[in-house]
Structure formats: C-alpha cells, structure tokens
$ cat coords30.txt   # compact mmCIF, C-alpha atoms
# COMPACT_ATOMS: atom_id res chain seq x y z
CA MET A 50 0.00 0.00 0.00
CA ASN A 51 1.46 3.31 -1.05
CA PRO A 52 1.33 5.98 1.60
CA ILE A 53 -0.51 9.09 0.53
CA PRO A 54 1.28 12.39 1.06
CA PHE A 55 -0.26 14.15 3.99
CA ALA A 56 -0.02 17.61 2.44
CA ASN A 57 -3.34 17.07 0.68
CA ALA A 58 -5.09 16.58 4.02
CA HIS A 59 -4.94 20.30 4.54
CA ASP A 60 -6.97 20.97 1.43
CA PRO A 61 -9.90 22.94 2.86
CA ARG A 62 -12.16 21.88 0.00
CA VAL A 63 -11.69 18.22 0.87
CA ILE A 64 -12.30 18.96 4.54
CA LYS A 65 -15.47 20.90 3.73
CA LYS A 66 -16.78 18.09 1.56
CA ALA A 67 -15.97 15.54 4.24
CA GLN A 68 -17.72 17.67 6.84
CA ALA A 69 -20.75 17.80 4.58
CA GLY A 70 -20.82 14.01 4.58
CA GLN A 71 -19.31 13.23 1.20
CA ARG A 72 -17.99 9.72 1.52
CA LYS A 73 -15.30 10.10 -1.09
CA ALA A 74 -13.76 13.06 0.73
CA GLN A 75 -14.04 11.26 4.05
CA ALA A 76 -12.28 8.24 2.58
CA GLU A 77 -9.52 10.47 1.24
CA LEU A 78 -8.93 12.01 4.66
CA ILE A 79 -9.04 8.62 6.36
CA ARG A 80 -6.44 7.22 3.97
CA GLN A 81 -4.15 10.16 4.66
CA LEU A 82 -4.55 9.86 8.41
CA GLN A 83 -4.44 6.09 8.90
CA ASP A 84 -0.66 5.80 9.00
CA PRO A 85 -0.06 8.64 11.50
CA TRP A 86 -2.84 7.18 13.64
CA TYR A 87 -1.36 3.70 13.44
CA ARG A 88 2.16 4.85 14.24
CA CYS A 89 0.96 6.87 17.19
CA CYS A 90 -1.28 4.11 18.53
CA LEU A 91 1.42 1.48 18.05
CA ALA A 92 3.94 3.57 19.92
CA MET A 93 1.49 4.25 22.73
CA LEU A 94 0.01 0.77 23.09
CA GLY A 95 2.89 -1.45 21.99
CA ASP A 96 0.75 -4.13 20.32
CA THR A 97 -0.25 -4.32 16.67
CA HIS A 98 -3.71 -5.76 17.27
CA THR A 99 -4.56 -3.30 19.96
CA ALA A 100 -3.18 -0.50 17.80
CA ALA A 101 -5.33 -1.60 14.86
CA ASP A 102 -8.41 -1.59 17.07
CA ALA A 103 -7.49 1.84 18.34
CA VAL A 104 -7.05 3.12 14.79
CA GLN A 105 -10.51 1.93 13.78
CA GLU A 106 -12.09 3.44 16.86
CA THR A 107 -10.20 6.67 16.19
CA ALA A 108 -11.40 6.78 12.60
CA MET A 109 -15.01 6.29 13.61
CA ARG A 110 -14.78 9.08 16.17
CA PHE A 111 -13.05 11.24 13.57
CA ILE A 112 -15.92 10.82 11.11
CA GLN A 113 -18.46 11.37 13.87
CA HIS A 114 -16.91 14.58 15.15
CA LEU A 115 -15.59 15.96 11.87
CA PRO A 116 -18.51 18.39 11.38
CA ALA A 117 -17.47 20.02 14.66
CA PHE A 118 -13.93 20.68 13.41
CA ARG A 119 -13.60 24.46 13.20
CA GLY A 120 -10.11 24.69 11.77
CA ASP A 121 -8.57 26.27 14.85
CA SER A 122 -5.71 23.81 14.57
CA GLN A 123 -4.33 21.69 11.79
CA LEU A 124 -6.40 18.69 10.86
CA LYS A 125 -3.53 16.34 11.60
CA THR A 126 -3.13 17.74 15.10
CA TRP A 127 -6.85 17.49 15.76
CA ALA A 128 -6.97 13.94 14.39
CA LEU A 129 -3.96 12.83 16.41
CA GLY A 130 -5.65 14.23 19.50
CA ILE A 131 -8.55 11.86 18.91
CA GLY A 132 -6.14 8.96 18.57
CA LEU A 133 -4.32 10.00 21.71
CA ASN A 134 -7.56 10.02 23.69
CA VAL A 135 -8.45 6.56 22.40
CA CYS A 136 -5.03 5.25 23.42
CA ARG A 137 -5.38 6.75 26.89
CA GLU A 138 -8.78 5.11 27.31
CA LEU A 139 -7.45 1.73 26.14
CA ARG A 140 -4.46 1.90 28.45
CA ARG A 141 -6.75 2.82 31.30
CA ALA A 142 -9.02 -0.09 30.45
CA GLN A 143 -6.04 -2.43 30.14
CA SER A 144 -4.85 -1.47 33.59
CA ASN A 145 -8.33 -1.94 35.05
CA GLN A 146 -9.50 -5.09 33.25
CA PRO A 147 -6.59 -6.95 31.69
CA ALA A 148 -8.33 -10.33 31.42
CA ALA A 149 -11.36 -8.99 29.56
CA LEU A 150 -9.20 -7.14 27.09
CA ILE A 151 -7.06 -10.20 26.41
CA ASP A 152 -10.19 -12.23 25.62
CA GLN A 153 -11.54 -9.42 23.48
CA HIS A 154 -8.40 -9.24 21.40
CA ASP A 155 -7.91 -12.96 21.06
CA THR A 156 -11.39 -13.73 19.79
CA PRO A 157 -12.14 -11.49 16.79
CA HIS A 158 -8.72 -11.49 15.12
CA PRO A 159 -7.55 -14.34 12.93
CA ALA A 160 -4.10 -15.76 13.55
CA PRO A 161 -1.45 -13.35 12.24
CA SER A 162 0.69 -14.45 9.36
CA PRO A 163 4.38 -15.28 9.93
CA ASP A 164 5.35 -12.01 8.27
CA ALA A 165 3.06 -10.05 10.51
CA ARG A 166 4.39 -11.89 13.54
CA ALA A 167 7.93 -11.13 12.46
CA ILE A 168 7.12 -7.47 11.93
CA ALA A 169 5.33 -7.28 15.24
CA GLY A 170 8.24 -9.00 17.00
CA GLU A 171 10.73 -6.60 15.40
CA GLN A 172 8.65 -3.62 16.42
CA ARG A 173 8.38 -4.87 19.96
CA THR A 174 12.09 -5.58 20.27
CA GLN A 175 13.35 -2.31 18.88
CA LEU A 176 10.83 0.50 19.17
CA ASN A 177 8.21 -0.52 21.64
CA LEU A 178 10.55 -2.02 24.16
CA LEU A 179 12.41 1.25 23.96
CA LEU A 180 9.27 3.22 24.70
CA ASP A 181 8.30 0.85 27.48
CA GLN A 182 11.16 2.27 29.48
CA LEU A 183 9.47 5.65 29.68
CA ALA A 184 6.71 7.07 31.80
CA PRO A 185 3.38 7.59 29.94
CA ARG A 186 3.74 11.37 29.75
CA GLN A 187 7.34 11.08 28.53
CA ARG A 188 6.22 8.55 25.92
CA GLU A 189 3.46 10.85 24.68
CA ALA A 190 5.79 13.82 24.46
CA LEU A 191 8.50 11.82 22.68
CA VAL A 192 6.10 10.28 20.17
CA LEU A 193 4.36 13.52 19.28
CA ARG A 194 7.36 15.83 19.30
CA TYR A 195 10.28 13.64 18.27
CA PHE A 196 8.76 10.82 16.23
CA GLU A 197 5.69 12.49 14.74
CA GLN A 198 7.58 15.79 14.51
CA LEU A 199 4.80 18.05 15.67
CA SER A 200 5.71 21.51 16.84
CA VAL A 201 6.10 22.31 20.51
CA ASP A 202 2.83 24.26 20.50
CA GLN A 203 0.94 21.44 18.79
CA THR A 204 2.35 18.92 21.25
CA ALA A 205 1.43 21.17 24.16
CA GLN A 206 -2.08 21.52 22.80
CA LEU A 207 -2.51 17.76 22.57
CA MET A 208 -0.98 17.10 25.98
CA ASP A 209 -2.92 19.99 27.52
CA CYS A 210 0.13 21.56 29.09
CA ALA A 211 2.46 24.52 28.59
CA PRO A 212 5.04 24.52 25.79
CA GLY A 213 7.83 24.71 28.38
CA THR A 214 6.53 21.53 29.95
CA VAL A 215 6.71 19.79 26.58
CA LYS A 216 10.33 20.82 26.10
CA ALA A 217 11.26 19.63 29.56
CA THR A 218 9.42 16.34 29.22
CA VAL A 219 10.99 15.56 25.84
CA ALA A 220 14.45 16.37 27.21
CA GLN A 221 13.86 14.08 30.18
CA ALA A 222 12.72 11.27 27.89
CA LEU A 223 15.76 11.57 25.63
CA ASP A 224 18.11 11.69 28.61
CA ARG A 225 16.46 8.58 30.00
CA LEU A 226 16.93 6.70 26.73
CA ARG A 227 20.54 7.79 26.35
CA GLN A 228 21.20 6.69 29.89
CA LEU A 229 19.65 3.28 29.25
CA TRP A 230 21.60 2.75 26.02
CA SER A 231 24.88 3.97 27.47
CA ASP A 232 24.60 1.79 30.52
CA PRO A 233 22.35 -1.19 29.72
CA SER A 234 23.08 -2.76 33.08
CA MET B 96 26.92 10.90 16.53
CA THR B 97 27.01 8.89 19.72
CA ARG B 98 25.64 5.42 20.01
CA PRO B 99 22.44 6.44 21.82
CA ASP B 100 21.79 9.06 19.19
CA LYS B 101 22.21 6.45 16.45
CA GLN B 102 19.80 4.15 18.20
CA LEU B 103 17.32 6.96 18.67
CA GLU B 104 17.57 7.86 14.98
CA ALA B 105 17.08 4.21 14.01
CA ALA B 106 14.02 4.05 16.24
CA ARG B 107 12.58 7.14 14.59
CA ARG B 108 13.10 5.68 11.10
CA GLU B 109 11.44 2.49 12.24
CA TYR B 110 8.55 4.47 13.65
CA GLN B 111 8.02 6.37 10.41
CA ASN B 112 8.15 3.21 8.30
CA ALA B 113 5.22 1.63 10.10
CA HIS B 114 2.06 1.56 8.00
CA TYR B 115 -1.44 0.49 8.74
CA PRO B 116 -1.73 -2.93 7.06
CA HIS B 117 -5.21 -2.41 5.58
CA ASP B 118 -7.26 0.21 3.79
CA LEU B 119 -9.03 1.85 6.69
CA ALA B 120 -11.58 3.57 4.44
CA ASP B 121 -12.52 0.18 3.01
CA GLN B 122 -12.85 -1.26 6.48
CA LEU B 123 -15.22 1.54 7.45
CA GLY B 124 -17.23 1.11 4.25
CA LEU B 125 -16.41 4.58 2.96
CA SER B 126 -14.96 3.60 -0.38
CA ALA B 127 -17.88 1.44 -1.50
CA SER B 128 -19.72 2.79 -4.48
CA PRO B 129 -22.99 4.46 -3.54
CA ARG B 130 -26.19 2.57 -4.15
CA ARG B 131 -27.76 3.13 -7.53
CA TRP B 132 -31.34 2.16 -6.72
CA PRO B 133 -32.49 5.59 -5.51
CA TRP B 134 -31.75 6.92 -8.98
CA ALA B 135 -33.78 4.12 -10.56
CA VAL B 136 -36.71 4.80 -8.23
CA GLY B 137 -36.60 8.51 -8.99
CA LEU B 138 -36.44 7.86 -12.72
CA ALA B 139 -39.40 5.49 -12.60
CA ALA B 140 -41.44 7.97 -10.56
CA ALA B 141 -40.68 10.76 -13.03
CA ALA B 142 -41.67 8.56 -15.96
CA PHE B 143 -44.91 7.63 -14.22
CA LEU B 144 -45.78 11.27 -13.59
CA ILE B 145 -45.07 12.26 -17.19
CA ALA B 146 -47.19 9.38 -18.48
CA ALA B 147 -50.02 10.33 -16.14
CA LEU B 148 -49.94 13.94 -17.33
CA ILE B 149 -50.13 12.82 -20.95
CA ILE B 150 -52.82 10.17 -20.63
CA LEU B 151 -55.22 11.56 -18.07
CA PRO B 152 -57.63 14.30 -19.24
CA ASP B 153 -57.27 17.53 -17.35
CA SER B 154 -59.70 19.85 -19.13
CA SER B 155 -62.94 18.97 -17.34
CA PRO B 156 -64.44 21.91 -15.52
CA ALA B 157 -65.23 21.86 -11.88
CA PRO B 158 -68.71 20.48 -11.20
CA ASP B 159 -69.91 23.66 -9.57
CA GLN B 160 -69.01 25.78 -12.53
CA ALA B 161 -72.16 25.63 -14.64
CA PRO B 162 -71.68 27.01 -18.09
CA THR B 163 -73.81 29.96 -18.99
CA ILE B 164 -75.18 30.93 -22.33
CA ALA B 165 -76.59 34.09 -23.62
CA ASP B 166 -80.26 34.35 -24.36
CA ASP B 167 -79.85 35.04 -28.03
CA GLN B 168 -76.94 32.65 -28.53
CA PRO B 169 -77.67 29.98 -31.14
CA ALA B 170 -77.45 26.43 -29.91
CA ASP B 171 -74.81 25.45 -32.44
CA ALA B 172 -72.48 28.14 -31.17
CA ILE B 173 -72.62 26.95 -27.56
CA THR B 174 -69.58 25.15 -26.36
CA PRO B 175 -70.80 21.91 -24.84
CA PRO B 176 -69.70 20.86 -21.40
CA ASP B 177 -67.49 17.85 -20.95
CA ALA B 178 -70.12 15.95 -19.04
CA PRO B 179 -73.82 15.45 -19.70
CA GLY B 180 -75.99 17.90 -17.86
CA LEU B 181 -78.37 20.76 -17.96
CA VAL B 182 -77.56 24.25 -19.06
CA VAL B 183 -80.14 26.87 -18.31
CA ALA B 184 -80.35 29.95 -20.41
CA PRO B 185 -81.31 33.30 -18.95
CA ASP B 186 -84.97 32.85 -18.67
CA THR B 187 -87.69 35.19 -19.73
CA PRO B 188 -91.40 34.55 -19.75
CA GLN B 189 -91.47 35.11 -23.47
CA SER B 190 -88.87 32.46 -24.36
CA PRO B 191 -88.26 29.90 -21.68
CA ARG B 192 -85.79 27.34 -22.75
CA ALA B 193 -83.11 25.10 -21.51
CA LEU B 194 -80.36 23.27 -23.22
CA VAL B 195 -79.87 19.70 -22.18
CA PHE B 196 -76.65 18.05 -23.15
CA LEU B 197 -77.70 14.50 -23.27
CA HIS B 198 -74.43 13.01 -24.29
CA VAL B 199 -70.96 14.32 -24.72
CA PRO B 200 -68.54 11.81 -26.13
CA ARG B 201 -65.22 11.73 -24.38
CA VAL B 202 -62.40 13.17 -26.42
CA LYS B 203 -59.37 10.99 -26.59
CA THR B 204 -56.37 12.97 -25.55
CA SER B 205 -53.71 10.40 -26.21
CA PRO B 206 -51.03 12.05 -28.31
CA SER B 207 -51.19 9.28 -30.86
CA THR B 208 -54.89 9.72 -31.46
CA ALA B 209 -55.38 13.39 -30.72
CA LEU B 210 -53.92 14.43 -34.05
CA ARG B 211 -56.06 12.03 -36.04
CA THR B 212 -59.39 12.25 -34.21
CA ARG B 213 -61.66 15.09 -35.13
CA HIS B 214 -63.38 16.80 -32.30
CA PRO B 215 -66.76 15.06 -32.00
CA LYS B 216 -69.81 17.16 -32.17
CA PRO B 217 -72.05 16.82 -29.12
CA HIS B 218 -75.62 15.75 -29.51
CA LEU B 219 -77.76 18.69 -28.58
CA ARG B 220 -81.41 18.95 -28.10
CA LEU B 221 -83.17 22.24 -27.57
CA LEU B 222 -86.02 21.70 -25.19
CA SER B 223 -88.59 23.97 -23.77
CA THR B 224 -88.92 23.96 -20.03
CA SER B 225 -92.59 23.13 -20.48
CA LYS B 226 -91.47 19.67 -21.65
CA LEU B 227 -89.59 19.06 -18.41
CA PRO B 228 -92.38 18.57 -15.85
CA SER B 229 -90.13 17.69 -12.93
CA LEU B 230 -87.84 20.60 -13.52
CA THR B 231 -88.34 23.61 -11.25
CA LEU B 232 -86.29 26.67 -11.79
CA PRO B 233 -86.19 29.21 -8.97
CA ASN B 234 -85.58 32.15 -11.21
CA ARG B 235 -88.60 31.38 -13.31
CA ARG B 236 -90.94 33.04 -10.88
CA SER B 237 -91.95 36.48 -11.85
CA PRO B 238 -91.82 39.31 -9.31
CA GLN B 239 -95.56 39.05 -8.99
CA SER B 240 -95.43 35.36 -8.07
CA PRO B 241 -96.17 35.79 -4.31
CA ASN B 242 -99.43 37.41 -5.31
CA SER B 243 -100.29 34.88 -7.95
CA GLN B 244 -103.30 32.66 -7.71
CA GLU B 245 -101.28 29.53 -7.03
CA SER B 246 -99.47 31.16 -4.13
CA GLN B 247 -102.65 32.52 -2.63
CA SER B 248 -104.33 29.12 -2.73
CA TRP B 249 -101.35 27.49 -1.06
CA ASN B 250 -101.29 30.09 1.68
CA ALA B 251 -104.97 29.55 2.30
CA SER B 252 -104.52 25.79 2.63
CA TYR B 253 -101.64 26.34 5.04
CA ALA B 254 -103.79 28.65 7.17
CA ASN B 255 -106.47 25.99 7.35
CA LEU B 256 -103.99 23.55 8.80
CA GLY B 257 -103.26 25.96 11.62
$ encode --input "coords30.txt" --output "structure tokens"
Amino acid sequence: MNPIPFANAHDPRVIKKAQAGQRKAQAELIRQLQDPWYRCCLAMLGDTHTAADAVQETAMRFIQHLPAFRGDSQLKTWALGIGLNVCRELRRAQSNQPAALIDQHDTPHPAPSPDARAIAGEQRTQLNLLLDQLAPRQREALVLRYFEQLSVDQTAQLMDCAPGTVKATVAQALDRLRQLWSDPS
Amino acid sequence: MTRPDKQLEAARREYQNAHYPHDLADQLGLSASPRRWPWAVGLAAAAFLIAALIILPDSSPAPDQAPTIADDQPADAITPPDAPGLVVAPDTPQSPRALVFLHVPRVKTSPSTALRTRHPKPHLRLLSTSKLPSLTLPNRRSPQSPNSQESQSWNASYANLG
C-alpha cells in the first residue's frame, strides 16, 4: 500500500466536503490519516492488534466529530488528538480489566501471518521495548514531538500543558533513553 | 553521533516506516460505491408522472361551474360541457328554454390519437322547459309570483292547517 502524502489533508475543500458528509472526501482524509494514527497508537500501546483496534475506533470518532472541526488547529493535530484520547482510554481499560481485554483481542482477530508476527516481533524488540522504558507522559511527548515531529505548540495543545513543559518532558525522555543505552546494566 | 543518538535515529526511522496494514476507508465502508437504486426509483417515478400527465384528461371543468349561455346565442355556437348535464339559459317569460346536453362523447387525448381524431360534435337537443315537468327553476318566478293565484291558494290551505 502506497502511503498518501499528507499535504493534501490540509486541502480545505476536501475537509469541507468531508464535513458535509461526502464519503469520497471522508475516505480520502481517512487514507491520509491512517498511517499517522497507526504509528501513534502502536507507539502508545505497543501491540499491533490493539493498535489496529485503536485506529478503527479513532477513525469512527473522527468521522463522527468531523462536522465540529472548526479549523482552529491543523487537521492532523486534531486527528492525532482523537487517537491520543483513544489510546489513553485503552491503556486505562487495560490497567483496570486486563483479562477482559485479552479475551476481546484474542477472539475477533484471525491468527497473524508469519510475516506479521515477524514485523510485530521486530517492532516490539526495537521501538516498543524502547518506549516501554518511559513514563506515559514522557512517551506521549517523545512520540508527538520527536517521532511524529509536531511543533512544541501542537504537542502542548494535545498534551494539555504549557510549551515549556513539553520541552522539559521531551528532554527528560531523551536523557532517559541515552542513559539506558549507554549503561544497559 | 554517539551510540544512543544512532539508536534513537534508528528508532525514529522504524517508527516512520510503520504503515497500517489495511485500507481503513474500506474497512469503514467509505470507499464502497454508492447505491444506484435511488436513482432508478426517482427515474421510474418521473416517468410515471409524465405518463399520467399525458394520458389523463385535465380539461374537465369543476362540477360547480355551470356554463352559462346568452339568451340570443344559437345552440350550435354553444360550447358543450365535458359531461352530460343541464344548461339553463337566462330565462324570460317570453322564451323559456333550456339546453340539455344528453351526451358528450369523451375526447381521446392520447397524443397518438389526438392528431387524427376530429373533435366530435355533441348531440344537442333544444327543449322547452314546459317539456320538463319535474324541472323547477327558482328564477322562473316572476316578481308578482307571491301574489299569484297559485301562491294565494297554497297560503290559504296552510292557514287551514293551523
């Protein structure tokens, strides 16, 4: 699947049509946003199946709330905020009811292919195990600011904190990772 | 670049290379082609309306709109109504008359036959009101009718009942 350049997502005509309920425009926006959503959810949740569920839930909420989008921020920022809220809810649910969530995820999904298992294993060993070393707020700040390359203001808007707090949190996360890699013991 | 920085850069590349493995718009049913049947229903309804406008006659007058004729108008010049009925001419004691349209053939208004069918001539009969015994016309009474002999005899019989 070829990724679609995200620059077109800022086309106000497409956004207007999608807000008016035109399915073609909604599909275009969804295709442009699915990879940023998936990357963000995968980094936050650490599991491909859970991330895929989170992406679908995020997309449904995006379509539902799209008419309320006023354009005060960029569409990508607004859409990532929806995904971030879904990830927070899933993590909260995982911490409260782990057994129910395990059953829920085991039942509806077919067995992953060997390639998918290999990709998932690689992601868990390199990226997600790295992010597991961080506190949730540090992980959010690092994903949005460093990996997703949002601006400090956009990251602060999504994390509902001051821009200075974002800078400090990202610096703490990077120091923590450097410390872990320099001294694995 | 130090080793942690290299690892961090590798992690960022790995993050940006992750793609959602499906077409999310397809999964949500957004890319399916819209249903065509509403167009077919609309087209059929429009065709039905057009056919109804062509076939059904729409020139019949309202039933309460009785046609009027002038007193000196010849019967042949009177436009017949679309339905059989009675047309009453302005009545005078000197020439009471009424036109009764006994039968008016229905004109076919189908476009295929309208051009070929000549407008049928209605069957008219000019009758005098004296030949219609059951017909009573309110405006036939003259202004002197309350004082007429018939009215006086009726009033007398009514007074006897009291």
$ atom_distance --input "coords30.txt" --atom1 "atom CA of Gln203 of chain A" --atom2 "atom CA of Cys89 of chain A"
14.7 Å
$ interface_residues --input "coords30.txt" --of "chain B" --to "chain A" --cutoff "12 Å" --atoms "all atoms listed in the file" --output "PyMOL selection string"
chain B and resi 97-129
$ atom_distance --input "coords30.txt" --atom1 "atom CA of Leu124 of chain A" --atom2 "atom CA of Pro61 of chain A"
9.7 Å
$ atom_distance --input "coords30.txt" --atom1 "atom CA of Cys136 of chain A" --atom2 "atom CA of Asp209 of chain A"
15.4 Å
$ residues_around --input "coords30.txt" --residues "segment 116-122 of chain A" --least-positions-apart "3" --cutoff "12 Å" --atoms "only C-alpha atoms" --output "PyMOL selection string"
chain A and resi 59-61+64-71+75+110-113+125-131+200+202-204+206-207
$ closest_residue --input "coords30.txt" --among "A:Arg62, A:Arg194, A:Arg140, A:Lys216" --to "Asp96 of chain A" --atoms "all atoms listed in the file"
A:Arg140
